[in-house]
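Colleague: One file is attached below, coords-v5.cif, containing mmCIF, C-alpha atoms.
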data_model
loop_
_atom_site.group_PDB
_atom_site.id
_atom_site.type_symbol
_atom_site.label_atom_id
_atom_site.label_comp_id
_atom_site.auth_asym_id
_atom_site.auth_seq_id
_atom_site.Cartn_x
_atom_site.Cartn_y
_atom_site.Cartn_z
ATOM 1 C CA MET A 201 0.000 0.000 0.000
ATOM 2 C CA LYS A 202 1.328 3.462 -0.889
ATOM 3 C CA ARG A 203 2.354 5.557 2.079
ATOM 4 C CA ARG A 204 -0.272 8.298 1.578
ATOM 5 C CA HIS A 205 -3.046 5.719 1.224
ATOM 6 C CA PHE A 206 -1.830 3.898 4.339
ATOM 7 C CA LEU A 207 -1.804 7.135 6.365
ATOM 8 C CA ALA A 208 -5.298 8.075 5.220
ATOM 9 C CA THR A 209 -6.651 4.642 6.095
ATOM 10 C CA ALA A 210 -4.920 4.713 9.468
ATOM 11 C CA ALA A 211 -6.384 8.140 10.241
ATOM 12 C CA VAL A 212 -9.908 6.962 9.484
ATOM 13 C CA ALA A 213 -9.406 3.801 11.546
ATOM 14 C CA ALA A 214 -8.072 5.838 14.455
ATOM 15 C CA GLY A 215 -11.079 8.143 14.310
ATOM 16 C CA LEU A 216 -13.482 5.215 14.345
ATOM 17 C CA ALA A 217 -11.600 3.616 17.225
ATOM 18 C CA LEU A 218 -12.079 6.781 19.235
ATOM 19 C CA GLY A 219 -15.784 6.809 18.463
ATOM 20 C CA GLN A 220 -15.436 9.747 16.065
ATOM 21 C CA PRO A 221 -16.912 9.617 12.528
ATOM 22 C CA ALA A 222 -14.694 9.906 9.489
ATOM 23 C CA LEU A 223 -14.773 13.169 7.584
ATOM 24 C CA ALA A 224 -18.083 13.558 5.711
ATOM 25 C CA GLN A 225 -18.018 13.795 1.943
ATOM 26 C CA THR A 226 -18.320 17.258 0.411
ATOM 27 C CA ASP A 227 -20.721 17.400 -2.531
ATOM 28 C CA ASP A 228 -20.611 20.010 -5.285
ATOM 29 C CA ILE A 229 -23.980 21.551 -6.165
ATOM 30 C CA ARG A 230 -25.202 24.308 -8.481
ATOM 31 C CA VAL A 231 -27.755 26.615 -6.869
ATOM 32 C CA GLY A 232 -29.920 29.239 -8.567
ATOM 33 C CA TYR A 233 -31.355 32.376 -7.004
ATOM 34 C CA ILE A 234 -33.136 35.593 -8.022
ATOM 35 C CA ALA A 235 -31.602 38.973 -7.185
ATOM 36 C CA ASP A 236 -34.265 40.236 -4.781
ATOM 37 C CA PHE A 237 -34.715 39.747 -1.045
ATOM 38 C CA TRP A 238 -36.910 36.647 -0.949
ATOM 39 C CA GLY A 239 -35.149 35.133 -3.948
ATOM 40 C CA ALA A 240 -31.631 35.530 -2.576
ATOM 41 C CA SER A 241 -31.731 35.881 1.218
ATOM 42 C CA ALA A 242 -31.454 32.191 2.131
ATOM 43 C CA THR A 243 -28.570 31.726 -0.313
ATOM 44 C CA ALA A 244 -26.894 34.896 0.945
ATOM 45 C CA ILE A 245 -27.176 33.816 4.583
ATOM 46 C CA ALA A 246 -25.888 30.315 3.800
ATOM 47 C CA THR A 247 -22.892 31.815 2.006
ATOM 48 C CA LYS A 248 -22.131 34.445 4.653
ATOM 49 C CA MET A 249 -22.441 32.033 7.586
ATOM 50 C CA GLY A 250 -20.629 29.104 6.020
ATOM 51 C CA LEU A 251 -23.691 26.839 6.097
ATOM 52 C CA TRP A 252 -22.833 25.114 2.815
ATOM 53 C CA GLU A 253 -19.536 23.920 4.240
ATOM 54 C CA LYS A 254 -21.091 23.082 7.599
ATOM 55 C CA HIS A 255 -23.482 20.650 5.918
ATOM 56 C CA GLY A 256 -20.953 19.093 3.553
ATOM 57 C CA LEU A 257 -21.689 21.096 0.398
ATOM 58 C CA ARG A 258 -19.716 23.286 -1.970
ATOM 59 C CA ALA A 259 -22.193 25.588 -3.724
ATOM 60 C CA ASP A 260 -21.733 27.285 -7.074
ATOM 61 C CA THR A 261 -24.433 29.978 -6.926
ATOM 62 C CA LYS A 262 -25.922 31.385 -10.130
ATOM 63 C CA VAL A 263 -28.251 34.375 -10.545
ATOM 64 C CA PHE A 264 -31.397 34.213 -12.699
ATOM 65 C CA THR A 265 -34.075 36.774 -13.533
ATOM 66 C CA ASN A 266 -37.028 34.461 -12.846
ATOM 67 C CA GLY A 267 -38.171 31.002 -11.788
ATOM 68 C CA PRO A 268 -39.086 29.500 -15.184
ATOM 69 C CA LEU A 269 -35.530 30.014 -16.409
ATOM 70 C CA GLN A 270 -34.274 28.038 -13.423
ATOM 71 C CA ILE A 271 -36.693 25.208 -14.141
ATOM 72 C CA GLN A 272 -35.322 25.130 -17.704
ATOM 73 C CA ALA A 273 -31.786 24.996 -16.314
ATOM 74 C CA LEU A 274 -32.763 22.115 -14.013
ATOM 75 C CA GLY A 275 -34.169 20.221 -16.978
ATOM 76 C CA ALA A 276 -30.998 20.851 -18.997
ATOM 77 C CA ASP A 277 -28.830 19.558 -16.115
ATOM 78 C CA SER A 278 -27.064 22.901 -15.766
ATOM 79 C CA LEU A 279 -28.513 23.495 -12.278
ATOM 80 C CA ASP A 280 -29.236 21.226 -9.303
ATOM 81 C CA PHE A 281 -31.351 23.458 -7.060
ATOM 82 C CA GLY A 282 -33.215 26.699 -7.609
ATOM 83 C CA TYR A 283 -35.639 29.223 -6.177
ATOM 84 C CA ILE A 284 -39.079 29.936 -7.642
ATOM 85 C CA GLY A 285 -41.822 32.328 -6.696
ATOM 86 C CA PRO A 286 -45.491 31.320 -6.781
ATOM 87 C CA GLY A 287 -45.736 32.320 -10.433
ATOM 88 C CA ALA A 288 -43.579 29.408 -11.568
ATOM 89 C CA LEU A 289 -45.221 26.795 -9.379
ATOM 90 C CA TRP A 290 -47.168 25.404 -12.351
ATOM 91 C CA LEU A 291 -43.886 23.906 -13.603
ATOM 92 C CA PRO A 292 -43.264 21.525 -10.679
ATOM 93 C CA ALA A 293 -47.021 20.901 -10.635
ATOM 94 C CA SER A 294 -46.575 19.590 -14.175
ATOM 95 C CA GLY A 295 -43.645 17.368 -13.184
ATOM 96 C CA LYS A 296 -40.758 19.569 -14.380
ATOM 97 C CA ALA A 297 -39.064 19.668 -10.952
ATOM 98 C CA ARG A 298 -39.622 18.764 -7.302
ATOM 99 C CA ILE A 299 -40.202 21.257 -4.516
ATOM 100 C CA VAL A 300 -37.921 20.347 -1.612
ATOM 101 C CA ALA A 301 -38.567 23.246 0.791
ATOM 102 C CA ILE A 302 -40.932 26.171 1.244
ATOM 103 C CA ASN A 303 -39.242 29.558 1.494
ATOM 104 C CA THR A 304 -41.977 31.968 2.556
ATOM 105 C CA VAL A 305 -45.527 33.092 1.811
ATOM 106 C CA GLY A 306 -45.361 36.391 -0.032
ATOM 107 C CA ASN A 307 -47.303 39.547 -0.749
ATOM 108 C CA SER A 308 -44.873 41.421 -2.987
ATOM 109 C CA ASP A 309 -46.591 41.200 -6.380
ATOM 110 C CA ARG A 310 -48.441 44.134 -7.906
ATOM 111 C CA VAL A 311 -50.412 45.080 -11.018
ATOM 112 C CA LEU A 312 -49.741 48.738 -11.788
ATOM 113 C CA GLY A 313 -51.203 51.386 -14.052
ATOM 114 C CA GLN A 314 -49.986 54.776 -15.208
ATOM 115 C CA ALA A 315 -51.477 57.936 -13.675
ATOM 116 C CA GLY A 316 -55.147 58.240 -14.617
ATOM 117 C CA VAL A 317 -55.739 54.478 -14.804
ATOM 118 C CA THR A 318 -58.240 53.525 -12.113
ATOM 119 C CA SER A 319 -59.012 49.881 -12.934
ATOM 120 C CA ILE A 320 -57.885 47.009 -15.109
ATOM 121 C CA ALA A 321 -60.840 47.829 -17.384
ATOM 122 C CA ASP A 322 -59.089 51.110 -18.232
ATOM 123 C CA LEU A 323 -56.275 49.051 -19.766
ATOM 124 C CA LYS A 324 -58.427 47.363 -22.401
ATOM 125 C CA GLY A 325 -56.583 47.435 -25.701
ATOM 126 C CA ARG A 326 -53.541 49.020 -24.081
ATOM 127 C CA LYS A 327 -50.007 47.770 -23.480
ATOM 128 C CA VAL A 328 -49.269 45.898 -20.243
ATOM 129 C CA ALA A 329 -45.716 44.670 -19.624
ATOM 130 C CA VAL A 330 -45.182 41.428 -17.720
ATOM 131 C CA PRO A 331 -42.443 38.801 -17.297
ATOM 132 C CA GLU A 332 -44.147 35.673 -18.609
ATOM 133 C CA GLY A 333 -44.664 32.746 -16.238
ATOM 134 C CA THR A 334 -43.852 34.723 -13.107
ATOM 135 C CA SER A 335 -45.795 35.697 -10.004
ATOM 136 C CA GLY A 336 -46.626 39.061 -11.576
ATOM 137 C CA ASP A 337 -48.124 37.223 -14.543
ATOM 138 C CA MET A 338 -50.134 35.046 -12.153
ATOM 139 C CA LEU A 339 -51.512 38.058 -10.248
ATOM 140 C CA LEU A 340 -52.521 39.711 -13.517
ATOM 141 C CA GLY A 341 -54.446 36.560 -14.415
ATOM 142 C CA LEU A 342 -56.268 36.568 -11.080
ATOM 143 C CA LEU A 343 -57.234 40.228 -11.511
ATOM 144 C CA LEU A 344 -58.504 39.687 -15.057
ATOM 145 C CA GLU A 345 -60.565 36.686 -13.963
ATOM 146 C CA ARG A 346 -62.096 38.611 -11.058
ATOM 147 C CA GLU A 347 -63.095 41.465 -13.374
ATOM 148 C CA GLY A 348 -64.505 39.203 -16.086
ATOM 149 C CA MET A 349 -61.727 39.945 -18.549
ATOM 150 C CA THR A 350 -59.130 37.859 -20.410
ATOM 151 C CA ARG A 351 -55.604 38.456 -21.629
ATOM 152 C CA ASP A 352 -57.022 39.051 -25.104
ATOM 153 C CA ASP A 353 -58.505 42.288 -23.742
ATOM 154 C CA LEU A 354 -54.964 43.635 -23.251
ATOM 155 C CA GLU A 355 -51.927 44.077 -25.444
ATOM 156 C CA ILE A 356 -49.499 41.953 -23.450
ATOM 157 C CA VAL A 357 -45.834 42.910 -23.796
ATOM 158 C CA THR A 358 -43.605 40.093 -22.541
ATOM 159 C CA ALA A 359 -40.286 41.272 -21.108
ATOM 160 C CA ASP A 360 -37.745 40.549 -18.379
ATOM 161 C CA PRO A 361 -38.207 42.458 -15.087
ATOM 162 C CA ALA A 362 -35.612 45.157 -15.802
ATOM 163 C CA THR A 363 -37.180 45.880 -19.192
ATOM 164 C CA VAL A 364 -40.649 46.038 -17.611
ATOM 165 C CA VAL A 365 -39.350 48.686 -15.198
ATOM 166 C CA SER A 366 -37.716 50.805 -17.910
ATOM 167 C CA ALA A 367 -40.718 50.503 -20.235
ATOM 168 C CA PHE A 368 -43.128 51.598 -17.508
ATOM 169 C CA ALA A 369 -40.847 54.384 -16.256
ATOM 170 C CA SER A 370 -40.532 55.790 -19.769
ATOM 171 C CA LYS A 371 -44.308 55.381 -20.298
ATOM 172 C CA GLN A 372 -43.895 53.071 -23.275
ATOM 173 C CA VAL A 373 -46.513 50.831 -21.621
ATOM 174 C CA ASP A 374 -49.712 51.684 -19.779
ATOM 175 C CA GLY A 375 -49.569 48.930 -17.175
ATOM 176 C CA ALA A 376 -47.235 46.388 -15.610
ATOM 177 C CA ALA A 377 -47.410 43.205 -13.555
ATOM 178 C CA ILE A 378 -44.280 43.010 -11.431
ATOM 179 C CA TRP A 379 -43.041 42.561 -7.865
ATOM 180 C CA TYR A 380 -40.894 44.253 -5.229
ATOM 181 C CA PRO A 381 -38.201 45.569 -5.293
ATOM 182 C CA PHE A 382 -39.006 46.530 -8.904
ATOM 183 C CA VAL A 383 -42.256 48.156 -7.757
ATOM 184 C CA ASP A 384 -40.263 50.555 -5.576
ATOM 185 C CA VAL A 385 -37.995 51.440 -8.486
ATOM 186 C CA ILE A 386 -41.057 52.222 -10.597
ATOM 187 C CA ARG A 387 -42.610 54.323 -7.814
ATOM 188 C CA LYS A 388 -39.483 56.459 -7.540
ATOM 189 C CA ALA A 389 -39.518 57.147 -11.289
ATOM 190 C CA ASN A 390 -43.331 57.514 -11.479
ATOM 191 C CA PRO A 391 -44.686 58.804 -8.158
ATOM 192 C CA ASP A 392 -48.217 58.889 -9.592
ATOM 193 C CA VAL A 393 -48.263 55.167 -10.378
ATOM 194 C CA VAL A 394 -51.599 53.503 -9.550
ATOM 195 C CA GLU A 395 -51.749 50.152 -7.731
ATOM 196 C CA LEU A 396 -54.501 48.040 -9.300
ATOM 197 C CA ALA A 397 -53.960 44.763 -7.413
ATOM 198 C CA LYS A 398 -51.778 42.997 -4.842
ATOM 199 C CA ASN A 399 -51.616 39.439 -3.514
ATOM 200 C CA ALA A 400 -53.553 40.378 -0.386
ATOM 201 C CA ASP A 401 -56.573 41.206 -2.572
ATOM 202 C CA PHE A 402 -57.030 37.449 -3.007
ATOM 203 C CA PRO A 403 -57.131 36.166 0.597
ATOM 204 C CA GLN A 404 -58.523 32.783 -0.444
ATOM 205 C CA ASN A 405 -55.027 31.931 -1.717
ATOM 206 C CA GLN A 406 -51.588 31.678 -0.145
ATOM 207 C CA PHE A 407 -48.641 32.510 -2.393
ATOM 208 C CA PRO A 408 -45.644 30.380 -1.372
ATOM 209 C CA SER A 409 -42.175 30.694 -2.821
ATOM 210 C CA SER A 410 -40.056 27.573 -2.705
ATOM 211 C CA PHE A 411 -36.802 25.790 -3.421
ATOM 212 C CA VAL A 412 -36.801 23.196 -6.179
ATOM 213 C CA ALA A 413 -34.491 20.404 -7.290
ATOM 214 C CA ARG A 414 -33.917 18.360 -10.415
ATOM 215 C CA ASN A 415 -36.148 15.304 -10.452
ATOM 216 C CA GLU A 416 -33.065 13.129 -10.889
ATOM 217 C CA MET A 417 -31.418 14.700 -7.859
ATOM 218 C CA VAL A 418 -34.348 13.771 -5.651
ATOM 219 C CA ALA A 419 -34.574 10.258 -7.068
ATOM 220 C CA ASP A 420 -30.874 9.389 -7.198
ATOM 221 C CA ARG A 421 -29.143 11.569 -4.596
ATOM 222 C CA PRO A 422 -31.563 12.096 -1.701
ATOM 223 C CA GLU A 423 -28.665 12.445 0.721
ATOM 224 C CA VAL A 424 -27.465 15.560 -1.154
ATOM 225 C CA VAL A 425 -31.013 16.908 -1.218
ATOM 226 C CA GLY A 426 -31.103 16.350 2.536
ATOM 227 C CA LYS A 427 -27.962 18.428 2.962
ATOM 228 C CA PHE A 428 -29.451 21.241 0.873
ATOM 229 C CA ILE A 429 -32.651 21.160 2.913
ATOM 230 C CA ALA A 430 -30.621 21.324 6.131
ATOM 231 C CA VAL A 431 -28.906 24.476 4.840
ATOM 232 C CA MET A 432 -32.215 26.089 3.880
ATOM 233 C CA LYS A 433 -33.726 25.214 7.256
ATOM 234 C CA GLU A 434 -30.865 26.780 9.179
ATOM 235 C CA ALA A 435 -30.736 29.856 6.927
ATOM 236 C CA GLY A 436 -34.496 30.256 7.191
ATOM 237 C CA ASP A 437 -34.475 30.003 10.975
ATOM 238 C CA TRP A 438 -31.768 32.661 11.196
ATOM 239 C CA ARG A 439 -33.670 34.956 8.805
ATOM 240 C CA HIS A 440 -36.882 34.462 10.801
ATOM 241 C CA ALA A 441 -35.123 35.603 13.988
ATOM 242 C CA ASN A 442 -32.970 38.339 12.401
ATOM 243 C CA LEU A 443 -34.938 39.879 9.542
ATOM 244 C CA ASP A 444 -33.248 43.293 9.589
ATOM 245 C CA GLU A 445 -29.799 41.721 9.630
ATOM 246 C CA ALA A 446 -30.887 39.413 6.823
ATOM 247 C CA VAL A 447 -31.604 42.482 4.688
ATOM 248 C CA THR A 448 -28.049 43.691 5.290
ATOM 249 C CA VAL A 449 -26.516 40.297 4.523
ATOM 250 C CA THR A 450 -28.565 39.945 1.332
ATOM 251 C CA ALA A 451 -27.750 43.469 0.180
ATOM 252 C CA GLU A 452 -24.042 42.726 0.661
ATOM 253 C CA PHE A 453 -24.397 39.481 -1.298
ATOM 254 C CA LEU A 454 -26.183 41.289 -4.156
ATOM 255 C CA SER A 455 -24.001 44.417 -3.945
ATOM 256 C CA VAL A 456 -27.022 46.728 -3.607
ATOM 257 C CA ASP A 457 -28.232 49.328 -1.117
ATOM 258 C CA PRO A 458 -30.105 47.650 1.781
ATOM 259 C CA ALA A 459 -32.800 50.324 1.392
ATOM 260 C CA LEU A 460 -33.716 48.720 -1.929
ATOM 261 C CA LEU A 461 -34.542 45.396 -0.251
ATOM 262 C CA ALA A 462 -36.083 46.575 3.026
ATOM 263 C CA PRO A 463 -39.636 47.193 1.692
ATOM 264 C CA GLU A 464 -39.790 43.717 0.108
ATOM 265 C CA ALA A 465 -38.653 42.097 3.363
ATOM 266 C CA LYS A 466 -41.802 43.412 5.046
ATOM 267 C CA MET A 467 -44.059 41.773 2.464
ATOM 268 C CA GLY A 468 -43.659 38.136 3.323
ATOM 269 C CA THR A 469 -44.476 35.723 6.118
ATOM 270 C CA THR A 470 -41.505 33.709 7.358
ATOM 271 C CA PHE A 471 -41.673 30.424 9.237
ATOM 272 C CA THR A 472 -39.304 28.396 11.357
ATOM 273 C CA ALA A 473 -38.198 25.030 10.020
ATOM 274 C CA ALA A 474 -40.140 23.328 12.823
ATOM 275 C CA ASP A 475 -43.315 25.174 11.830
ATOM 276 C CA LEU A 476 -42.891 24.275 8.155
ATOM 277 C CA ALA A 477 -42.251 20.645 9.089
ATOM 278 C CA ALA A 478 -45.491 20.594 11.092
ATOM 279 C CA LYS A 479 -47.389 22.264 8.249
ATOM 280 C CA SER A 480 -45.903 19.727 5.833
ATOM 281 C CA GLN A 481 -47.138 16.851 7.978
ATOM 282 C CA ASP A 482 -50.643 18.168 8.634
ATOM 283 C CA GLY A 483 -51.388 18.979 4.974
ATOM 284 C CA THR A 484 -51.239 22.771 5.241
ATOM 285 C CA VAL A 485 -48.395 23.141 2.741
ATOM 286 C CA ALA A 486 -50.043 20.686 0.346
ATOM 287 C CA GLY A 487 -53.177 22.829 0.555
ATOM 288 C CA TRP A 488 -51.205 25.942 -0.399
ATOM 289 C CA LEU A 489 -49.626 24.178 -3.357
ATOM 290 C CA ASP A 490 -52.819 22.537 -4.590
ATOM 291 C CA GLY A 491 -54.520 25.935 -4.333
ATOM 292 C CA MET A 492 -51.859 27.461 -6.564
ATOM 293 C CA ALA A 493 -52.160 24.616 -9.055
ATOM 294 C CA ALA A 494 -55.908 25.270 -9.242
ATOM 295 C CA ILE A 495 -55.163 28.880 -10.213
ATOM 296 C CA TYR A 496 -53.069 27.680 -13.129
ATOM 297 C CA VAL A 497 -55.781 25.312 -14.282
ATOM 298 C CA ALA A 498 -58.199 28.249 -14.295
ATOM 299 C CA GLN A 499 -55.672 30.365 -16.198
ATOM 300 C CA GLY A 500 -55.097 27.685 -18.828
ATOM 301 C CA LYS A 501 -51.463 26.886 -17.983
ATOM 302 C CA LEU A 502 -52.271 23.398 -16.679
ATOM 303 C CA GLU A 503 -54.854 20.773 -17.505
ATOM 304 C CA ASN A 504 -54.093 17.929 -15.127
ATOM 305 C CA PRO A 505 -51.711 19.078 -12.379
ATOM 306 C CA LEU A 506 -50.019 16.564 -10.147
ATOM 307 C CA PRO A 507 -51.239 16.532 -6.542
ATOM 308 C CA ALA A 508 -48.894 18.387 -4.207
ATOM 309 C CA THR A 509 -48.007 15.105 -2.524
ATOM 310 C CA ASP A 510 -46.312 14.117 -5.811
ATOM 311 C CA PHE A 511 -44.340 17.308 -6.519
ATOM 312 C CA TYR A 512 -43.446 18.375 -2.958
ATOM 313 C CA ALA A 513 -40.892 16.124 -1.246
ATOM 314 C CA ALA A 514 -42.425 16.608 2.206
ATOM 315 C CA ASP A 515 -40.884 13.379 3.468
ATOM 316 C CA LEU A 516 -37.378 14.704 2.831
ATOM 317 C CA TYR A 517 -38.174 18.070 4.426
ATOM 318 C CA THR A 518 -39.583 16.578 7.605
ATOM 319 C CA LYS A 519 -36.634 14.235 8.203
#
Take the structure in the file and give it back as structure tokens.

Modeller:
Amino acid sequence: MKRRHFLATAAVAAGLALGQPALAQTDDIRVGYIADFWGASATAIATKMGLWEKHGLRADTKVFTNGPLQIQALGADSLDFGYIGPGALWLPASGKARIVAINTVGNSDRVLGQAGVTSIADLKGRKVAVPEGTSGDMLLGLLLEREGMTRDDLEIVTADPATVVSAFASKQVDGAAIWYPFVDVIRKANPDVVELAKNADFPQNQFPSSFVARNEMVADRPEVVGKFIAVMKEAGDWRHANLDEAVTVTAEFLSVDPALLAPEAKMGTTFTAADLAAKSQDGTVAGWLDGMAAIYVAQGKLENPLPATDFYAADLYTK
């Protein structure tokens, strides 16, 4: 036996003899996030506090502009884990990924109109900018349904969030469906902006954001998924207890002014890991997810969604 191999084996044997476990394996993972508070805070906290290393992971973090793009990256095997808002939940509900942890329940989405617009009916035949397949898109659909309208009543302009902001600020569009912190940016450029709808206007629904994994990761490497969940649990518990500090940590991670993220941080409900585990066991989380899937059926994005018990790995979360 070569000397270095002999020494390594001897070290492991000595550790076991002393009742100490051998060094745990470190797994490389690719993790997606979105550059806003709820989309990045858990990843920022995990990075700042060394939680990846603590739980035997080495994370390559990658920024995305929305959830659907992360689901595409999961499917292309260029990402292992990602973050999605409620607007992209129809994708795991159709089997494109598995939810492995709930992040928060949010209230940061808005449908906006230019000054003088008083209702969604005022936007008939006019341009409304929206990032397709996102939570802003979902809220717009709920508002249209409530008012007896359809997307055909509007001239939908599909764009990424930054383009939605610039188009609305320059008044190239008459309305927008977007979320914080982009709403704040729009308000600063257009103080007379009109808020036509927010998540809280639809109290019959909860709007959870979540962490997702490649289907293959859940099926073939549940131990790695377990490590990722452990990181998200610990990061989430710290954020729940230290929300103001979490804003600072996230702002540092994103290289932005904390004042940009602070309003968004007030527009979500956080939970401890123990609370989410209990809600996963008693069916509360499944109810949230099935409720969201029903929205997408009504909006024509889904025909036969999977039940939440099939696309949320509650058993892994509650371990």

Colleague: Report as a PyMOL selection string the full result of the PyMOL selection byres ((chain A and resi 251-264) around 12) when it is applied to this structure.

Modeller: chain A and resi 223-236+239-240+242-250+265-273+278-284+360-361+423-436+438+453-454

Colleague: Convert the output of the PyMOL selection byres ((chain A and resi 293-310) around 8) on the shown file into explicit residues, formatted as a compact mmCIF listing (two decimals) with C-alpha atoms, in the coordinates of the input.

Modeller:
# COMPACT_ATOMS: atom_id res chain seq x y z
CA TRP A 238 -36.91 36.65 -0.95
CA ILE A 271 -36.69 25.21 -14.14
CA LEU A 274 -32.76 22.12 -14.01
CA GLY A 275 -34.17 20.22 -16.98
CA LEU A 289 -45.22 26.80 -9.38
CA TRP A 290 -47.17 25.40 -12.35
CA LEU A 291 -43.89 23.91 -13.60
CA PRO A 292 -43.26 21.52 -10.68
CA VAL A 311 -50.41 45.08 -11.02
CA LEU A 312 -49.74 48.74 -11.79
CA SER A 335 -45.80 35.70 -10.00
CA GLY A 336 -46.63 39.06 -11.58
CA LEU A 339 -51.51 38.06 -10.25
CA ALA A 377 -47.41 43.20 -13.56
CA ILE A 378 -44.28 43.01 -11.43
CA TRP A 379 -43.04 42.56 -7.86
CA TYR A 380 -40.89 44.25 -5.23
CA VAL A 383 -42.26 48.16 -7.76
CA GLU A 395 -51.75 50.15 -7.73
CA LEU A 396 -54.50 48.04 -9.30
CA ALA A 397 -53.96 44.76 -7.41
CA LYS A 398 -51.78 43.00 -4.84
CA ASN A 399 -51.62 39.44 -3.51
CA ALA A 400 -53.55 40.38 -0.39
CA GLN A 406 -51.59 31.68 -0.14
CA PHE A 407 -48.64 32.51 -2.39
CA PRO A 408 -45.64 30.38 -1.37
CA SER A 409 -42.18 30.69 -2.82
CA SER A 410 -40.06 27.57 -2.70
CA PHE A 411 -36.80 25.79 -3.42
CA VAL A 412 -36.80 23.20 -6.18
CA ALA A 413 -34.49 20.40 -7.29
CA ARG A 414 -33.92 18.36 -10.42
CA ASN A 415 -36.15 15.30 -10.45
CA VAL A 418 -34.35 13.77 -5.65
CA VAL A 425 -31.01 16.91 -1.22
CA ILE A 429 -32.65 21.16 2.91
CA MET A 432 -32.22 26.09 3.88
CA GLY A 436 -34.50 30.26 7.19
CA GLU A 464 -39.79 43.72 0.11
CA MET A 467 -44.06 41.77 2.46
CA GLY A 468 -43.66 38.14 3.32
CA THR A 469 -44.48 35.72 6.12
CA THR A 470 -41.50 33.71 7.36
CA PHE A 471 -41.67 30.42 9.24
CA LEU A 476 -42.89 24.28 8.15
CA ALA A 493 -52.16 24.62 -9.06
CA LEU A 502 -52.27 23.40 -16.68
CA ASN A 504 -54.09 17.93 -15.13
CA PRO A 505 -51.71 19.08 -12.38
CA LEU A 506 -50.02 16.56 -10.15
CA PRO A 507 -51.24 16.53 -6.54
CA ALA A 508 -48.89 18.39 -4.21
CA PHE A 511 -44.34 17.31 -6.52
CA TYR A 512 -43.45 18.38 -2.96
CA ALA A 513 -40.89 16.12 -1.25
CA ALA A 514 -42.42 16.61 2.21
CA LEU A 516 -37.38 14.70 2.83
CA TYR A 517 -38.17 18.07 4.43

Colleague: Quick one: of A:Lys501, A:Arg346, A:Lys388, A:Lys519, who's nearest to Ala477 of chain A, counting all atoms listed in the file?

Modeller: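 Among A:Lys501, A:Arg346, A:Lys388, A:Lys519, it is A:Lys519 that comes nearest to Ala477 of chain A.
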
Colleague: Calculated over only C-alpha atoms, which of the candidates A:Arg421, A:Lys324, A:Asp475, A:Ile386 has the smallest distance to Gly348 of chain A?

Modeller: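 Of A:Arg421, A:Lys324, A:Asp475, A:Ile386, the one nearest Gly348 of chain A, counting only C-alpha atoms, is A:Lys324.
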
Colleague: Taking into account all atoms listed in the file, which residue in the set A:Asp515, A:Asn405, A:Val365, A:Ala321 is nearest to Leu489 of chain A?

Modeller: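 Once distances to Leu489 of chain A are computed over all atoms listed in the file, the minimum belongs to A:Asn405.
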
Colleague: Box time for segment 335-345 of chain A: axis-aligned, enclosing all its listed atoms, 6 Å extra on each side; report centre and edge lengths in Å to one decimal, as AutoDock Vina command-line options.

Modeller:
--center_x -53.2 --center_y 37.6 --center_z -12.5 --size_x 26.8 --size_y 17.2 --size_z 17.1

Colleague: Name every residue that the PyMOL selection byres ((chain A and resi 322) around 12) selects in this structure, writing the answer as a PyMOL selection string with chains first and numbers rising.

Modeller: chain A and resi 312-321+323-328+344+347+349+353-354+374-375+394+396

Colleague: Glu445 of chain A: which residues within 12 Å, counting only C-alpha atoms, same-chain residues fewer than 5 positions away excluded, as a short mmCIF file (atom, residue, chain, number, x, y, z; two decimals) with C-alpha atoms, keeping the file's coordinate frame?

Modeller:
data_model
loop_
_atom_site.label_atom_id
_atom_site.label_comp_id
_atom_site.auth_asym_id
_atom_site.auth_seq_id
_atom_site.Cartn_x
_atom_site.Cartn_y
_atom_site.Cartn_z
CA PHE A 237 -34.72 39.75 -1.04
CA SER A 241 -31.73 35.88 1.22
CA ALA A 244 -26.89 34.90 0.94
CA ILE A 245 -27.18 33.82 4.58
CA LYS A 248 -22.13 34.44 4.65
CA TRP A 438 -31.77 32.66 11.20
CA ARG A 439 -33.67 34.96 8.80
CA HIS A 440 -36.88 34.46 10.80
CA THR A 450 -28.56 39.94 1.33
CA ALA A 451 -27.75 43.47 0.18
CA GLU A 452 -24.04 42.73 0.66
CA PRO A 458 -30.10 47.65 1.78
CA LEU A 461 -34.54 45.40 -0.25
CA ALA A 462 -36.08 46.58 3.03
CA ALA A 465 -38.65 42.10 3.36
#
